[in-house]
$ cat protein.cif   # mmCIF, C-alpha atoms and all ligand atoms
data_data
#
loop_
_atom_site.label_atom_id
_atom_site.label_comp_id
_atom_site.auth_asym_id
_atom_site.auth_seq_id
_atom_site.Cartn_x
_atom_site.Cartn_y
_atom_site.Cartn_z
CA MET D 17 7.62 -28.17 3.58
CA GLU D 18 11.25 -27.74 4.53
CA GLU D 19 12.36 -28.79 1.05
CA TRP D 20 9.89 -26.38 -0.52
CA CYS D 21 11.05 -23.47 1.67
CA VAL D 22 14.60 -24.05 0.45
CA SER D 23 13.85 -24.68 -3.24
CA MET D 24 11.31 -21.88 -3.58
CA PRO D 25 12.77 -18.61 -4.99
CA LYS D 26 12.95 -15.93 -2.32
CA ILE D 27 13.47 -12.20 -1.90
CA GLU D 28 15.56 -10.87 1.01
CA LEU D 29 15.12 -7.19 1.84
CA HIS D 30 16.44 -6.87 5.42
CA ALA D 31 19.89 -8.38 5.85
CA HIS D 32 22.85 -6.67 7.53
CA LEU D 33 26.19 -7.58 6.00
CA ASN D 34 28.15 -7.91 9.24
CA GLY D 35 25.42 -9.77 11.13
CA SER D 36 25.20 -12.25 8.26
CA ILE D 37 28.82 -13.38 8.66
CA ARG D 38 29.39 -17.16 8.56
CA LEU D 39 30.01 -18.38 12.10
CA THR D 40 32.94 -20.52 10.91
CA THR D 41 34.53 -17.40 9.41
CA LEU D 42 33.87 -15.45 12.58
CA LEU D 43 35.59 -18.12 14.63
CA GLU D 44 38.56 -18.24 12.26
CA LEU D 45 38.94 -14.45 12.32
CA ALA D 46 38.54 -14.33 16.11
CA LYS D 47 41.32 -16.88 16.57
CA ALA D 48 43.59 -14.84 14.29
CA LEU D 49 43.21 -11.65 16.33
CA THR D 50 46.45 -10.41 17.85
CA GLU D 51 46.63 -9.84 21.61
CA ASN D 52 46.23 -6.11 20.94
CA GLN D 53 43.19 -6.54 18.72
CA LYS D 54 41.50 -8.93 21.14
CA GLY D 55 40.93 -6.18 23.68
CA ALA D 56 38.33 -7.49 26.09
CA VAL D 57 37.45 -10.49 23.90
CA ASN D 58 38.03 -13.86 25.58
CA ILE D 59 38.44 -16.31 22.69
CA SER D 60 37.71 -19.50 24.63
CA GLN D 61 34.41 -18.04 25.81
CA VAL D 62 33.68 -16.76 22.34
CA GLU D 63 34.29 -20.16 20.76
CA HIS D 64 31.67 -21.64 23.03
CA VAL D 65 29.19 -18.89 22.14
CA ILE D 66 29.80 -19.05 18.38
CA MET D 67 29.17 -22.76 18.18
CA LYS D 68 25.93 -22.59 20.17
CA HIS D 69 22.77 -22.44 18.14
CA ASP D 70 20.46 -20.98 20.72
CA LEU D 71 22.00 -17.76 21.93
CA SER D 72 20.77 -15.72 24.85
CA LEU D 73 20.34 -11.99 24.36
CA THR D 74 23.61 -11.27 26.19
CA GLU D 75 25.39 -13.70 23.92
CA VAL D 76 23.84 -12.09 20.85
CA PHE D 77 25.36 -8.76 21.86
CA GLN D 78 28.69 -10.46 22.64
CA LEU D 79 28.65 -11.72 19.07
CA PHE D 80 27.94 -8.26 17.66
CA ASP D 81 30.89 -6.92 19.68
CA LEU D 82 33.12 -9.67 18.39
CA ILE D 83 32.05 -9.08 14.77
CA HIS D 84 32.87 -5.42 15.22
CA ASN D 85 36.33 -6.42 16.50
CA VAL D 86 37.17 -8.80 13.65
CA ILE D 87 35.92 -6.77 10.69
CA THR D 88 38.65 -4.19 10.69
CA ASP D 89 40.15 -4.15 7.20
CA HIS D 90 39.13 -3.99 3.57
CA ASN D 91 40.04 -7.61 2.79
CA THR D 92 37.81 -8.92 5.55
CA VAL D 93 34.90 -6.77 4.34
CA THR D 94 35.41 -8.19 0.83
CA ARG D 95 35.62 -11.79 2.06
CA ILE D 96 32.52 -11.53 4.23
CA THR D 97 30.51 -9.95 1.41
CA LYS D 98 31.50 -12.74 -0.96
CA GLU D 99 30.52 -15.45 1.52
CA VAL D 100 27.23 -13.79 2.45
CA ILE D 101 26.20 -13.60 -1.22
CA GLU D 102 27.13 -17.27 -1.73
CA ASP D 103 25.09 -18.27 1.30
CA PHE D 104 21.97 -16.38 0.22
CA ALA D 105 22.28 -17.77 -3.32
CA SER D 106 22.60 -21.33 -2.02
CA ASP D 107 19.34 -20.78 -0.11
CA ASN D 108 17.72 -19.80 -3.45
CA VAL D 109 17.43 -16.11 -2.74
CA VAL D 110 17.07 -14.59 -6.22
CA TYR D 111 17.01 -10.93 -5.20
CA LEU D 112 18.90 -9.58 -2.20
CA GLU D 113 19.08 -6.08 -0.78
CA LEU D 114 22.12 -6.14 1.46
CA ARG D 115 22.56 -3.31 3.92
CA THR D 116 25.70 -2.11 5.62
CA THR D 117 26.93 0.91 7.56
CA PRO D 118 29.89 2.51 5.77
CA LYS D 119 32.65 2.75 8.36
CA ARG D 120 35.55 5.13 8.67
CA ASN D 121 38.75 4.00 10.35
CA ASP D 122 41.55 6.51 9.86
CA SER D 123 44.19 4.28 11.49
CA ILE D 124 44.04 1.81 8.56
CA GLY D 125 43.16 4.33 5.87
CA MET D 126 39.52 3.25 5.64
CA SER D 127 37.02 5.86 4.47
CA LYS D 128 33.28 5.33 4.06
CA ARG D 129 33.92 5.24 0.31
CA SER D 130 36.72 2.67 0.49
CA TYR D 131 34.60 0.54 2.84
CA VAL D 132 31.79 0.37 0.25
CA ASP D 133 34.37 -0.21 -2.50
CA ALA D 134 35.52 -3.27 -0.51
CA VAL D 135 31.89 -4.49 -0.41
CA MET D 136 31.68 -4.02 -4.21
CA GLU D 137 34.89 -6.01 -4.58
CA GLY D 138 33.21 -8.80 -2.61
CA LEU D 139 30.27 -8.79 -5.05
CA ARG D 140 32.69 -8.99 -7.98
CA SER D 141 34.67 -11.84 -6.46
CA VAL D 142 31.76 -14.30 -6.14
CA SER D 143 32.37 -17.17 -8.54
CA SER D 144 29.89 -19.88 -7.50
CA VAL D 145 26.90 -17.92 -8.89
CA ASP D 146 26.39 -15.03 -11.29
CA VAL D 147 25.87 -11.81 -9.36
CA ASP D 148 23.92 -9.05 -11.03
CA PHE D 149 24.57 -5.86 -9.12
CA ILE D 150 25.17 -3.16 -11.73
CA PRO D 151 21.87 -1.60 -12.81
CA ASN D 152 21.24 -2.05 -16.50
CA THR D 153 21.03 1.22 -18.39
CA GLN D 154 19.03 -0.38 -21.21
CA ASP D 155 15.28 -0.86 -20.96
CA SER D 156 15.39 -4.61 -21.08
CA THR D 157 17.59 -6.67 -18.82
CA SER D 158 19.06 -10.10 -19.24
CA LEU D 159 17.55 -11.53 -16.11
CA SER D 160 14.35 -12.96 -17.49
CA ASN D 161 15.85 -16.42 -17.40
CA LEU D 162 16.51 -16.67 -13.69
CA PRO D 163 17.11 -20.40 -13.65
CA ILE D 164 15.92 -21.69 -10.30
CA ILE D 165 13.20 -24.37 -10.52
CA THR D 166 12.34 -23.56 -14.14
CA ASN D 167 15.74 -24.69 -15.36
CA GLU D 168 17.85 -26.26 -12.68
CA ASN D 169 20.75 -27.10 -14.96
CA SER D 170 21.74 -23.54 -15.79
CA ARG D 171 23.89 -21.38 -13.55
CA LYS D 172 22.22 -19.58 -10.70
CA ILE D 173 21.84 -15.82 -10.80
CA ILE D 174 21.36 -13.62 -7.76
CA ILE D 175 20.44 -9.97 -8.15
CA VAL D 176 22.04 -7.87 -5.42
CA ARG D 177 21.42 -4.24 -4.56
CA LEU D 178 22.94 -2.29 -1.67
CA ILE D 179 21.38 -0.15 1.03
CA LEU D 180 23.71 2.11 3.02
CA SER D 181 22.82 2.40 6.69
CA ILE D 182 23.02 5.45 8.88
CA ASP D 183 24.06 4.45 12.40
CA ARG D 184 21.98 6.07 15.14
CA ARG D 185 25.20 7.17 16.87
CA GLU D 186 26.06 9.39 13.89
CA THR D 187 25.72 13.17 13.64
CA THR D 188 23.60 14.91 11.00
CA GLU D 189 26.79 15.60 9.01
CA ALA D 190 27.93 11.98 9.13
CA ALA D 191 24.44 10.84 8.08
CA MET D 192 24.53 13.31 5.21
CA GLU D 193 27.92 11.99 4.15
CA THR D 194 26.44 8.47 3.87
CA VAL D 195 23.54 9.74 1.75
CA LYS D 196 25.92 11.60 -0.58
CA LEU D 197 28.02 8.46 -0.91
CA ALA D 198 24.91 6.45 -1.79
CA LEU D 199 24.07 9.00 -4.50
CA GLU D 200 27.61 8.80 -5.92
CA MET D 201 27.36 5.01 -6.01
CA ARG D 202 23.92 4.64 -7.52
CA HIS D 203 25.34 3.45 -10.83
CA LEU D 204 27.00 0.64 -8.84
CA GLY D 205 23.71 -0.62 -7.47
CA VAL D 206 23.19 1.41 -4.28
CA VAL D 207 19.41 1.84 -4.13
CA GLY D 208 18.55 3.12 -0.69
CA ILE D 209 19.24 4.36 2.81
CA ASP D 210 18.48 2.63 6.11
CA LEU D 211 18.45 3.92 9.66
CA SER D 212 19.70 1.37 12.18
CA GLY D 213 21.84 0.84 15.26
CA ASN D 214 21.09 0.86 18.97
CA PRO D 215 17.47 2.08 19.22
CA LYS D 216 18.16 3.56 22.64
CA THR D 217 20.66 5.95 21.07
CA GLY D 218 20.08 9.19 19.19
CA GLU D 219 17.18 11.42 18.20
CA TRP D 220 14.97 11.26 15.11
CA THR D 221 15.56 14.94 14.36
CA THR D 222 19.32 14.26 13.98
CA TYR D 223 18.82 12.00 10.94
CA LEU D 224 15.77 13.66 9.45
CA PRO D 225 17.65 16.19 7.25
CA ALA D 226 19.73 13.38 5.67
CA LEU D 227 16.69 11.15 5.19
CA LYS D 228 14.74 14.01 3.60
CA PHE D 229 17.66 14.75 1.31
CA ALA D 230 17.90 11.08 0.32
CA ARG D 231 14.24 11.06 -0.62
CA GLU D 232 14.45 14.33 -2.55
CA GLN D 233 17.28 12.81 -4.57
CA GLY D 234 15.22 9.74 -5.39
CA LEU D 235 16.79 7.21 -3.04
CA SER D 236 14.41 4.83 -1.26
CA VAL D 237 14.36 4.86 2.53
CA THR D 238 13.75 2.10 5.06
CA LEU D 239 13.78 2.64 8.83
CA HIS D 240 14.27 0.33 11.80
CA CYS D 241 11.06 1.30 13.54
CA GLY D 242 9.56 0.28 16.89
CA GLU D 243 12.46 -1.85 18.15
CA ILE D 244 11.78 -0.42 21.58
CA ARG D 245 8.86 1.41 23.15
CA ASN D 246 9.17 4.96 21.80
CA SER D 247 5.72 6.20 20.83
CA LYS D 248 6.78 9.62 19.63
CA GLU D 249 9.54 8.35 17.39
CA ILE D 250 7.34 5.64 15.87
CA LYS D 251 4.75 8.31 15.10
CA ASN D 252 7.36 10.58 13.52
CA MET D 253 8.74 7.75 11.44
CA LEU D 254 5.31 6.76 10.12
CA GLU D 255 4.58 10.41 9.31
CA PHE D 256 7.79 10.54 7.29
CA HIS D 257 6.28 7.71 5.22
CA PRO D 258 9.40 5.72 4.31
CA GLN D 259 9.19 3.17 1.48
CA ARG D 260 9.51 0.35 4.03
CA ILE D 261 10.02 -0.15 7.77
CA GLY D 262 11.76 -2.95 9.65
CA HIS D 263 10.38 -4.82 12.70
CA ALA D 264 7.40 -2.75 13.96
CA CYS D 265 7.49 -4.58 17.30
CA PHE D 266 6.55 -2.05 19.97
CA PHE D 267 3.58 -0.51 18.20
CA GLU D 268 0.56 0.82 20.04
CA ASP D 269 -2.99 0.97 18.71
CA GLU D 270 -2.59 4.40 17.11
CA HIS D 271 0.57 3.21 15.31
CA TRP D 272 -1.16 0.10 13.93
CA ILE D 273 -4.00 2.24 12.61
CA LYS D 274 -1.56 4.62 10.95
CA LEU D 275 0.59 1.83 9.57
CA LYS D 276 -2.35 -0.04 8.07
CA SER D 277 -3.81 3.04 6.40
CA SER D 278 -0.36 4.02 5.09
CA LYS D 279 0.27 0.60 3.49
CA ILE D 280 3.99 0.96 4.27
CA PRO D 281 5.49 -2.52 3.74
CA VAL D 282 6.97 -4.17 6.86
CA GLU D 283 10.17 -6.23 6.85
CA ILE D 284 9.41 -9.04 9.31
CA CYS D 285 12.31 -10.80 11.03
CA LEU D 286 10.70 -13.54 13.14
CA THR D 287 13.74 -15.25 14.67
CA SER D 288 15.51 -11.96 15.36
CA ASN D 289 12.45 -10.52 17.12
CA ILE D 290 12.06 -13.58 19.32
CA ARG D 291 15.76 -13.95 20.14
CA THR D 292 16.02 -10.32 21.20
CA PHE D 293 12.77 -10.56 23.19
CA SER D 294 11.18 -7.81 21.09
CA VAL D 295 8.21 -10.17 20.77
CA ALA D 296 7.32 -12.57 23.59
CA SER D 297 6.72 -15.64 21.41
CA ILE D 298 6.03 -16.64 17.84
CA GLU D 299 2.36 -17.24 18.72
CA VAL D 300 1.81 -13.55 19.49
CA HIS D 301 3.98 -12.17 16.69
CA HIS D 302 2.32 -9.34 14.74
CA PHE D 303 3.01 -11.21 11.50
CA ALA D 304 -0.28 -13.05 11.99
CA CYS D 305 -2.37 -9.93 12.37
CA LEU D 306 -0.71 -8.05 9.49
CA TYR D 307 -0.89 -11.10 7.23
CA LYS D 308 -4.57 -11.55 7.97
CA ALA D 309 -5.17 -7.86 7.21
CA LYS D 310 -3.31 -8.35 3.89
CA HIS D 311 -0.85 -5.64 4.89
CA PRO D 312 2.30 -5.54 2.67
CA LEU D 313 4.87 -7.83 4.30
CA VAL D 314 8.17 -9.45 3.53
CA LEU D 315 9.89 -12.17 5.55
CA CYS D 316 13.58 -11.39 6.20
CA THR D 317 16.48 -12.71 8.27
CA ASP D 318 18.07 -9.55 9.79
CA ASP D 319 21.34 -11.32 10.76
CA THR D 320 21.75 -14.89 9.53
CA GLY D 321 25.05 -15.34 11.38
CA VAL D 322 24.13 -13.91 14.74
CA PHE D 323 20.70 -15.58 14.82
CA SER D 324 21.80 -18.85 13.14
CA THR D 325 19.06 -18.60 10.55
CA ARG D 326 18.48 -18.61 6.79
CA LEU D 327 15.61 -17.16 4.81
CA SER D 328 14.25 -20.68 4.14
CA LYS D 329 14.17 -21.26 7.92
CA GLU D 330 12.17 -18.06 8.40
CA TYR D 331 9.63 -19.25 5.81
CA LYS D 332 9.44 -22.65 7.48
CA LEU D 333 8.90 -21.01 10.86
CA ALA D 334 6.09 -18.89 9.39
CA ALA D 335 4.57 -21.93 7.69
CA ASN D 336 4.61 -24.02 10.87
CA SER D 337 3.49 -21.23 13.19
CA PHE D 338 0.74 -19.68 11.10
CA GLY D 339 -0.44 -22.65 9.06
CA LEU D 340 0.64 -21.40 5.63
CA GLY D 341 0.86 -23.88 2.77
CA ARG D 342 3.24 -24.06 -0.17
CA TRP D 343 1.13 -21.75 -2.31
CA GLU D 344 0.82 -19.13 0.43
CA MET D 345 4.60 -19.27 0.93
CA LEU D 346 5.21 -18.62 -2.74
CA GLU D 347 2.67 -15.78 -2.78
CA LEU D 348 4.38 -14.19 0.22
CA SER D 349 7.70 -14.36 -1.59
CA ARG D 350 6.25 -13.16 -4.88
CA ASN D 351 4.49 -10.18 -3.27
CA ALA D 352 7.86 -8.94 -1.99
CA VAL D 353 8.81 -8.12 -5.59
CA GLU D 354 6.51 -5.10 -5.33
CA TYR D 355 8.44 -3.68 -2.37
CA ILE D 356 12.01 -3.91 -3.71
CA PHE D 357 14.06 -0.74 -4.22
CA ALA D 358 15.54 -1.71 -7.61
CA ASP D 359 14.22 -0.17 -10.82
CA ASN D 360 11.17 -1.26 -12.81
CA GLY D 361 13.26 -3.33 -15.22
CA VAL D 362 14.34 -5.64 -12.40
CA LYS D 363 10.84 -5.62 -10.94
CA ASN D 364 9.35 -6.71 -14.25
CA ASP D 365 11.88 -9.49 -14.70
CA LEU D 366 11.14 -10.78 -11.22
CA ARG D 367 7.38 -10.62 -11.86
CA ILE D 368 7.79 -12.67 -15.03
CA PHE D 369 10.06 -15.11 -13.24
CA PHE D 370 7.72 -15.63 -10.27
CA ASN D 371 4.75 -15.99 -12.62
CA SER D 372 6.52 -18.79 -14.43
CA VAL D 373 7.36 -20.51 -11.14
CA ALA D 374 3.73 -20.18 -10.03
CA ASN D 375 2.45 -21.54 -13.35
CA ASN D 376 4.79 -24.51 -13.17
CA MET D 377 3.59 -25.21 -9.69
CA GLU D 378 -0.05 -25.40 -10.76
CA VAL D 379 0.84 -28.00 -13.41
ZN ZN H 401 18.00 -4.94 11.23
#

$ encode --input "protein.cif" --output "structure tokens"
Amino acid sequence: MEEWCVSMPKIELHAHLNGSIRLTTLLELAKALTENQKGAVNISQVEHVIMKHDLSLTEVFQLFDLIHNVITDHNTVTRITKEVIEDFASDNVVYLELRTTPKRNDSIGMSKRSYVDAVMEGLRSVSSVDVDFIPNTQDSTSLSNLPIITNENSRKIIIVRLILSIDRRETTEAAMETVKLALEMRHLGVVGIDLSGNPKTGEWTTYLPALKFAREQGLSVTLHCGEIRNSKEIKNMLEFHPQRIGHACFFEDEHWIKLKSSKIPVEICLTSNIRTFSVASIEVHHFACLYKAKHPLVLCTDDTGVFSTRLSKEYKLAANSFGLGRWEMLELSRNAVEYIFADNGVKNDLRIFFNSVANNMEV
């Protein structure tokens, strides 16, 4: 099963760039921090935390703080992007929607635009696989020969699209700036807007104008929803009817009813939910109930670096915990094609590709 979870083609729709940093890179960057940059970071403690595989919640947040401290310049953003793409490709992810919060740091001349440019540079600099991130303006695309499984000798291709995140600490104006940037960068593969950040911070009404504007302009929207108990906000978010939501952990009965009738696809991040105690244990995870109800679902990693996971590990965890076989795994992955934010050309190519994988499997 483990081998199958790795070799099977997969779709990743909820991955944060910074949280997906390689731990070896994080350690290297942490050691290179100057005394000034280190601030409150104690490197010897950090080294111990980074190399652990089972982090406590406090340690998870220590890691997020550290990541924030080390990713301070354009070159680092580019390097991390490159490595994250390589890691997803090596796990046989064929389509990846990578999300990141454009950051402004006046002291080093970083604007939201130059931050995303640095991400783009990272996509361009990947050499171990072919990265398709510029949307094709023609009707047909050249991706119908995605080589995994069907032709293992040819070079791997990974299709990457970007989602720009609005941080919950931001003002309406800052959120709007991110949406405008996403619109400007559509031709470079930016396909959507996400709302994320500390769920205890901020008000839904602050981001709503920017999210509405994004939708009016044809961008897809996904929301981190139900990360904490906040009945009113969950209700508002479901009423907004985003194209997808992430997590859906602290839902109450009325939310489940609304979600199921809305058919809004849910990005499920099993390891992340358990590590952050958003769900008590894998046995009671809402994946089981939604899967049984045939609700649109996609398995995702959230933060491969922080949670020491990979998409294949998430599939294996689902297989072991909920008794899914190889065929069910592939179906779960294939169904995710329908929930991607890229255009119909990409969707069609992926459908054809997954069909061919499924047909080969039957033989
Ligand atoms: Zn997330």

$ closest_atom_pairs --input "protein.cif" --of "chain D" --to "ligand ZN 401 (chain H)" --cutoff "8 Å" --atoms "only C-alpha atoms and all ligand atoms" --output "tab-separated table"
residue	atom	partner	partner_atom	distance
D:His30	CA	H:ZN401	ZN	6.3
D:Ala31	CA	H:ZN401	ZN	6.7
D:His32	CA	H:ZN401	ZN	6.3
D:Ser212	CA	H:ZN401	ZN	6.6
D:His240	CA	H:ZN401	ZN	6.5
D:Gly262	CA	H:ZN401	ZN	6.7
D:His263	CA	H:ZN401	ZN	7.8
D:Asp318	CA	H:ZN401	ZN	4.8
D:Asp319	CA	H:ZN401	ZN	7.2

$ closest_atom_pairs --input "protein.cif" --of "region 202-239 of chain D" --to "region 125-135 of chain D" --cutoff "12 Å" --atoms "only C-alpha atoms" --output "tab-separated table"
residue	atom	partner	partner_atom	distance
D:Arg202	CA	D:Val132	CA	11.9
D:Leu204	CA	D:Asp133	CA	9.8
D:Gly205	CA	D:Val132	CA	11.2
D:Val206	CA	D:Val132	CA	9.8

$ closest_residue --input "protein.cif" --among "D:Asn336, D:Gln233, D:Thr194, D:Asn351" --to "Thr117 (chain D)" --atoms "all atoms listed in the file"
D:Thr194

$ residues_around --input "protein.cif" --residues "Leu114 (chain D)" --least-positions-apart "6" --cutoff "9 Å" --atoms "all atoms listed in the file" --output "list in words"
Glu28, Leu29, His30, Ala31, His32, Leu33, Ile101, Val176, Arg177, Leu178, Ile179 and Leu180 of chain D

$ write_last_selection --input "protein.cif" --atoms "C-alpha atoms" --output "short mmCIF file (atom, residue, chain, number, x, y, z; two decimals), in the coordinates of the input"
data_model
loop_
_atom_site.label_atom_id
_atom_site.label_comp_id
_atom_site.auth_asym_id
_atom_site.auth_seq_id
_atom_site.Cartn_x
_atom_site.Cartn_y
_atom_site.Cartn_z
CA GLU D 28 15.56 -10.87 1.01
CA LEU D 29 15.12 -7.19 1.84
CA HIS D 30 16.44 -6.87 5.42
CA ALA D 31 19.89 -8.38 5.85
CA HIS D 32 22.85 -6.67 7.53
CA LEU D 33 26.19 -7.58 6.00
CA ILE D 101 26.20 -13.60 -1.22
CA VAL D 176 22.04 -7.87 -5.42
CA ARG D 177 21.42 -4.24 -4.56
CA LEU D 178 22.94 -2.29 -1.67
CA ILE D 179 21.38 -0.15 1.03
CA LEU D 180 23.71 2.11 3.02
#

$ atom_distance --input "protein.cif" --atom1 "CA of Val86 (chain D)" --atom2 "CA of Glu186 (chain D)"
21.3 Å

$ residues_around --input "protein.cif" --residues "Ile83 (chain D)" --least-positions-apart "3" --cutoff "8 Å" --atoms "all atoms listed in the file" --output "list in words"
Asn34, Gly35, Leu42, Leu79, Phe80, Val86 and Ile87 of chain D

$ residues_around --input "protein.cif" --residues "Val195 (chain D)" --least-positions-apart "4" --cutoff "12 Å" --atoms "all atoms listed in the file" --output "ChimeraX atom specification"
/D:117-118,128-129,179-183,188-191,199-202,206-211,223-237

$ residues_around --input "protein.cif" --residues "Val22 (chain D)" --least-positions-apart "2" --cutoff "10 Å" --atoms "all atoms listed in the file" --output "number ranges by chain"
D: 17-20, 24-26, 106-109, 326-329, 331-332

$ residues_around --input "protein.cif" --residues "region 272-289 of chain D" --least-positions-apart "2" --cutoff "6 Å" --atoms "all atoms listed in the file" --output "PyMOL selection string"
chain D and resi 260-263+269-270+291-292+294-295+312-317

$ atom_distance --input "protein.cif" --atom1 "CA of Leu112 (chain D)" --atom2 "CA of Phe149 (chain D)"
9.7 Å

$ atom_distance --input "protein.cif" --atom1 "CA of Met136 (chain D)" --atom2 "CA of Arg95 (chain D)"
10.7 Å

$ closest_residue --input "protein.cif" --among "D:Glu99, D:Glu249, D:Glu268, D:Glu330" --to "Arg140 (chain D)" --atoms "all atoms listed in the file"
D:Glu99

$ closest_residue --input "protein.cif" --among "D:Leu348, D:Val76, D:Cys265, D:Met377" --to "Gly321 (chain D)" --atoms "only C-alpha atoms"
D:Val76

$ closest_residue --input "protein.cif" --among "D:Asp122, D:Lys172, D:Asp146, D:Ile290" --to "Leu73 (chain D)" --atoms "only C-alpha atoms"
D:Ile290

$ decode --input "protein.cif" --residues "region 177-183 of chain D" --atoms "all heavy atoms" --output "PDB file, in the first residue's frame"
ATOM      1  N   ARG D 177      -0.065  25.683 -10.101  1.00  0.00           N
ATOM      2  CA  ARG D 177      -0.798  26.943 -10.134  1.00  0.00           C
ATOM      3  C   ARG D 177      -0.686  27.580  -8.745  1.00  0.00           C
ATOM      4  O   ARG D 177      -0.499  26.881  -7.757  1.00  0.00           O
ATOM      5  CB  ARG D 177      -2.275  26.717 -10.493  1.00  0.00           C
ATOM      6  CG  ARG D 177      -2.484  26.207 -11.918  1.00  0.00           C
ATOM      7  CD  ARG D 177      -2.088  27.246 -12.970  1.00  0.00           C
ATOM      8  NE  ARG D 177      -2.365  26.791 -14.328  1.00  0.00           N
ATOM      9  CZ  ARG D 177      -1.492  26.163 -15.105  1.00  0.00           C
ATOM     10  NH1 ARG D 177      -0.278  25.895 -14.662  1.00  0.00           N
ATOM     11  NH2 ARG D 177      -1.817  25.794 -16.345  1.00  0.00           N
ATOM     12  N   LEU D 178      -0.812  28.896  -8.696  1.00  0.00           N
ATOM     13  CA  LEU D 178      -0.633  29.601  -7.424  1.00  0.00           C
ATOM     14  C   LEU D 178      -1.952  30.153  -6.884  1.00  0.00           C
ATOM     15  O   LEU D 178      -2.816  30.600  -7.653  1.00  0.00           O
ATOM     16  CB  LEU D 178       0.340  30.762  -7.584  1.00  0.00           C
ATOM     17  CG  LEU D 178       1.802  30.423  -7.903  1.00  0.00           C
ATOM     18  CD1 LEU D 178       2.605  31.711  -8.043  1.00  0.00           C
ATOM     19  CD2 LEU D 178       2.413  29.539  -6.818  1.00  0.00           C
ATOM     20  N   ILE D 179      -2.052  30.131  -5.573  1.00  0.00           N
ATOM     21  CA  ILE D 179      -3.167  30.780  -4.870  1.00  0.00           C
ATOM     22  C   ILE D 179      -2.530  31.813  -3.943  1.00  0.00           C
ATOM     23  O   ILE D 179      -1.599  31.483  -3.207  1.00  0.00           O
ATOM     24  CB  ILE D 179      -3.962  29.745  -4.040  1.00  0.00           C
ATOM     25  CG1 ILE D 179      -4.623  28.707  -4.954  1.00  0.00           C
ATOM     26  CG2 ILE D 179      -4.996  30.435  -3.151  1.00  0.00           C
ATOM     27  CD1 ILE D 179      -5.329  27.579  -4.213  1.00  0.00           C
ATOM     28  N   LEU D 180      -2.982  33.047  -4.008  1.00  0.00           N
ATOM     29  CA  LEU D 180      -2.450  34.060  -3.094  1.00  0.00           C
ATOM     30  C   LEU D 180      -3.344  34.131  -1.851  1.00  0.00           C
ATOM     31  O   LEU D 180      -4.574  34.176  -1.968  1.00  0.00           O
ATOM     32  CB  LEU D 180      -2.362  35.426  -3.782  1.00  0.00           C
ATOM     33  CG  LEU D 180      -1.491  35.485  -5.048  1.00  0.00           C
ATOM     34  CD1 LEU D 180      -1.289  36.944  -5.494  1.00  0.00           C
ATOM     35  CD2 LEU D 180      -0.132  34.807  -4.857  1.00  0.00           C
ATOM     36  N   SER D 181      -2.710  34.110  -0.700  1.00  0.00           N
ATOM     37  CA  SER D 181      -3.462  34.096   0.558  1.00  0.00           C
ATOM     38  C   SER D 181      -3.580  35.486   1.148  1.00  0.00           C
ATOM     39  O   SER D 181      -2.635  36.279   1.124  1.00  0.00           O
ATOM     40  CB  SER D 181      -2.772  33.197   1.590  1.00  0.00           C
ATOM     41  OG  SER D 181      -2.706  31.873   1.128  1.00  0.00           O
ATOM     42  N   ILE D 182      -4.752  35.742   1.697  1.00  0.00           N
ATOM     43  CA  ILE D 182      -4.973  36.940   2.510  1.00  0.00           C
ATOM     44  C   ILE D 182      -4.750  36.500   3.949  1.00  0.00           C
ATOM     45  O   ILE D 182      -5.331  35.492   4.386  1.00  0.00           O
ATOM     46  CB  ILE D 182      -6.424  37.461   2.333  1.00  0.00           C
ATOM     47  CG1 ILE D 182      -6.638  37.940   0.894  1.00  0.00           C
ATOM     48  CG2 ILE D 182      -6.740  38.550   3.346  1.00  0.00           C
ATOM     49  CD1 ILE D 182      -8.106  38.201   0.552  1.00  0.00           C
ATOM     50  N   ASP D 183      -3.908  37.212   4.678  1.00  0.00           N
ATOM     51  CA  ASP D 183      -3.661  36.894   6.085  1.00  0.00           C
ATOM     52  C   ASP D 183      -4.760  37.550   6.926  1.00  0.00           C
ATOM     53  O   ASP D 183      -5.109  38.708   6.689  1.00  0.00           O
ATOM     54  CB  ASP D 183      -2.284  37.422   6.498  1.00  0.00           C
ATOM     55  CG  ASP D 183      -1.885  36.973   7.889  1.00  0.00           C
ATOM     56  OD1 ASP D 183      -2.656  37.219   8.844  1.00  0.00           O
ATOM     57  OD2 ASP D 183      -0.813  36.376   8.031  1.00  0.00           O
TER      58      ASP D 183
END
